[in-house]
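> Here's a structure for you.
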Amino acid sequence: MKLKELKNGEYFTLKPYSNPTGAQVYVKNEYDRSSKKYEVSKFLDFCDTRLLKGDTEVYTDFTF
């Protein structure tokens with residue numbers, strides 16, 4: 001699944017984990033028009049943010 005297909009606030013991982021830790025789970029935030037990327041933050045630390053392209057492959061099929 002692509003990052004741009006997720007709704008804001010949905011949880012995802014960047015690798016296919018079956019039982020990820022809280023540090024491996026990200027939350028999709030708003031789209032940043034200036035950089036043309038999506039802002040994502042770690043589940044456990046909302047201050048730890050990254051900008052990812054919308055075509056980034058993400059995984060949502062996990063138990064958390």
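How things are named: the first chain in the structure tokens is A, the next is B, and so on; residues count from 1 in each chain; ligands count from 1 in the order shown.
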For Tyr26 (chain A), find every residue with an atom within 8 Å (counting only C-alpha atoms), except residues of its own chain fewer than 2 positions away, and show them as a list in words.
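My reading of the contact set: Tyr11, Phe12, Thr13, Ala23, Gln24, Lys28, Val40, Ser41, Lys42 and Phe43 of chain A.
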> Among the residues of chain A, find those DSSP assigns to helix (DSSP H, G or I) from the backbone and print them as an NGL selection string.
:A and (3-5 or 22-24)
> Could you pull the residues within 10 Å of Thr60 (chain A), counting only C-alpha atoms, minus those fewer than 5 positions along the same chain, as a PyMOL selection string?
chain A and resi 1+6+10-18+25
> Which value, in Å to one decimal, gives the distance between CA of Lys37 (chain A) and CA of Thr21 (chain A)?
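One can read the CA of Lys37 (chain A) to CA of Thr21 (chain A) distance as 25.0 Å.
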> Closest to Gly9 (chain A) among A:Val27, A:Gly22, A:Leu44, A:Tyr59, using only C-alpha atoms?
A:Val27
> Just the number, please: distance in Å from CA of Phe62 (chain A) to CA of Pro20 (chain A), one decimal.
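Between CA of Phe62 (chain A) and CA of Pro20 (chain A) the gap is 7.4 Å.
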> Name the residues of chain A that come out as strand (DSSP E or B) in a backbone DSSP run; write them as a list in words.
Lys2, Tyr11, Phe12, Thr13, Tyr26, Val27, Lys28, Asn29, Glu30, Tyr31, Asp32, Lys37, Tyr38, Glu39, Val40, Ser41, Lys42, Thr49, Arg50, Leu51, Leu52, Glu57 and Tyr59 of chain A
> Keeping only C-alpha atoms, write those residues as a short mmCIF file (atom, residue, chain, number, x, y, z; two decimals), in the first residue's frame.

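Saved as result05.cif:
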```
data_model
loop_
_atom_site.label_atom_id
_atom_site.label_comp_id
_atom_site.auth_asym_id
_atom_site.auth_seq_id
_atom_site.Cartn_x
_atom_site.Cartn_y
_atom_site.Cartn_z
CA LYS A 2 1.23 3.53 -0.73
CA TYR A 11 -0.90 3.71 11.82
CA PHE A 12 1.66 2.01 9.60
CA THR A 13 5.16 0.53 9.54
CA TYR A 26 4.33 5.61 12.52
CA VAL A 27 1.27 7.87 12.25
CA LYS A 28 0.42 9.68 9.02
CA ASN A 29 -0.02 13.43 9.44
CA GLU A 30 -0.65 16.31 7.04
CA TYR A 31 0.68 16.86 3.53
CA ASP A 32 3.41 19.50 3.28
CA LYS A 37 5.80 15.13 0.98
CA TYR A 38 3.74 13.74 3.86
CA GLU A 39 4.72 14.40 7.45
CA VAL A 40 4.80 11.26 9.59
CA SER A 41 5.65 10.85 13.26
CA LYS A 42 6.52 7.92 15.48
CA THR A 49 8.81 13.53 12.59
CA ARG A 50 9.92 12.69 9.06
CA LEU A 51 8.86 13.70 5.58
CA LEU A 52 8.10 10.82 3.20
CA GLU A 57 5.51 1.58 0.39
CA TYR A 59 2.45 -1.79 5.74
#
```
